[in-house]
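Enquirer: Structure in structure tokens, see below.
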Amino acid sequence: MKNSIKKFSLFLVVMLILSVAVACTPKEKVNEPESPVDVIGQENPQEDPSDEELESEPKGTIIEATNKVDVAKLSLLDSYIFDIDGDGTEETISLYTAAEKDSKGEIMWDDGQNWKLLVEGVDKDYVLFDDYVQLGTIKFHVYTSDDDFYVSTIQTGTASLKFTEYSFDKETKNFISNVKFETTGNVNMLHSSFGY
């Protein structure tokens, strides 16, 4: 009996040593995605972009100038004139809808229509917004901050609210679009204080 206990104890010790040895052996990573974080809370400095790279790359969607946009069949809702690029020639920021006007000049709204927000220059345009809006409206705001030019839109609907900022990049002569806020989930708009 003592011999059996010794053999069993020896077996348990060997198994324990093997278990520890196998558990402590480094394993190869197989098809694991690389992560910028090696250890929880510690960033991997090799994969972090430098501050220069962050500043040189615009964040958001780049909107380049296009040829003139045909707006003959659209209804102008609002516009504002401003020299965006500082070249001495003013551009016009214009909000259009595809909803037609009646004989009295009133907009004949439907449950939804196409909307278009343009920055119109002499020989080129920027299309900031061009989409169908269901049961909603678009409002735009024009402003400068520290000599930078911005156009922001607030899009409301019965089930949505979205705030988008369009900033003008003086170096590239492009706009950069960034959605700053957008509702998600089962949204039920109860009231908007403005409308067309």
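Scheme for the structure tokens: letters A, B, ... for chains in order shown; per-chain residue numbers from 1; ligand numbers from 1 in order shown.
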Skip range 127-132 of chain A itself and residues of its chain fewer than 6 positions away, then list as a ChimeraX atom specification all residues within 8 Å of it, counting only C-alpha atoms.
Expert: /A:63,65-66,112-119,166,175,177
Enquirer: Just asking: which residues within range 100-142 of chain A are strand (DSSP E or B) according to DSSP, as a ChimeraX atom specification?
Expert: /A:101,107,112-120,125-134,136-142
Enquirer: So that I can check the surroundings of Val179 in chain A, please list as a PyMOL selection string every protein, DNA and RNA residue that reaches within 7 Å of it, counting only C-alpha atoms and ignoring chain neighbours fewer than 5 positions away.
Expert: chain A and resi 163-165
Enquirer: Can you measure CA of Lys101 in chain A to CA of Tyr80 in chain A for me? One decimal in Å is fine.
Expert: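 Spanning CA of Lys101 in chain A to CA of Tyr80 in chain A is a straight-line distance of 20.9 Å.
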Enquirer: Which residues of range 76-157 of chain A come within 12 Å of range 180-183 of chain A, and for each one, what is the closest pair of atoms and their distance in Å to one decimal, counting only C-alpha atoms, sorted by chain and residue number, as JSON lines?
Expert:
```
{"residue": "A:Ser152", "atom": "CA", "partner": "A:Lys180", "partner_atom": "CA", "distance": 9.7}
{"residue": "A:Thr153", "atom": "CA", "partner": "A:Lys180", "partner_atom": "CA", "distance": 10.1}
{"residue": "A:Ile154", "atom": "CA", "partner": "A:Phe181", "partner_atom": "CA", "distance": 9.5}
{"residue": "A:Gln155", "atom": "CA", "partner": "A:Glu182", "partner_atom": "CA", "distance": 9.3}
{"residue": "A:Thr156", "atom": "CA", "partner": "A:Glu182", "partner_atom": "CA", "distance": 10.0}
{"residue": "A:Gly157", "atom": "CA", "partner": "A:Thr183", "partner_atom": "CA", "distance": 10.7}
```
Enquirer: Give me a file of those residues, with N, CA and C atoms, as a CSV table (one decimal), in the first residue's frame.
Expert:
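Generated file (out_34.csv):
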```csv
chain,number,residue,atom,x,y,z
A,152,SER,N,-22.3,74.5,-40.8
A,152,SER,CA,-22.8,73.4,-40.1
A,152,SER,C,-24.3,73.2,-40.4
A,153,THR,N,-24.7,71.9,-40.4
A,153,THR,CA,-26.1,71.6,-40.7
A,153,THR,C,-26.7,70.9,-39.5
A,154,ILE,N,-28.0,71.1,-39.3
A,154,ILE,CA,-28.8,70.4,-38.4
A,154,ILE,C,-29.9,69.7,-39.2
A,155,GLN,N,-29.9,68.4,-39.2
A,155,GLN,CA,-30.9,67.7,-40.0
A,155,GLN,C,-31.9,67.0,-39.0
A,156,THR,N,-33.2,67.4,-39.1
A,156,THR,CA,-34.1,66.8,-38.2
A,156,THR,C,-35.2,66.0,-39.0
A,157,GLY,N,-35.7,65.0,-38.3
A,157,GLY,CA,-36.8,64.2,-38.9
A,157,GLY,C,-37.6,63.7,-37.8
```
Enquirer: Quote the spacing between CA of Val151 in chain A and CA of Val71 in chain A in Å to one decimal place.
Expert: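 Computing it gives 19.8 Å between the two atoms.
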Enquirer: Give me, please, the distance in Å between CA of Lys73 in chain A and CA of Thr97 in chain A, quoted to one decimal.
Expert: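 One can read the CA of Lys73 in chain A to CA of Thr97 in chain A distance as 9.2 Å.
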Enquirer: Pick out the closest residue to Thr89 in chain A from this set: A:His141, A:Gly121, A:Asp111, A:Ser192. Count only C-alpha atoms.
Expert: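 Of A:His141, A:Gly121, A:Asp111, A:Ser192, the one nearest Thr89 in chain A, counting only C-alpha atoms, is A:Gly121.
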Enquirer: Given the choices A:Ala159, A:Leu74, A:Val142, A:Ile176, which gets closest to His191 in chain A if the distance is worked out from only C-alpha atoms?
Expert: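 With only C-alpha atoms as the atom set, the closest residue is A:Ala159.
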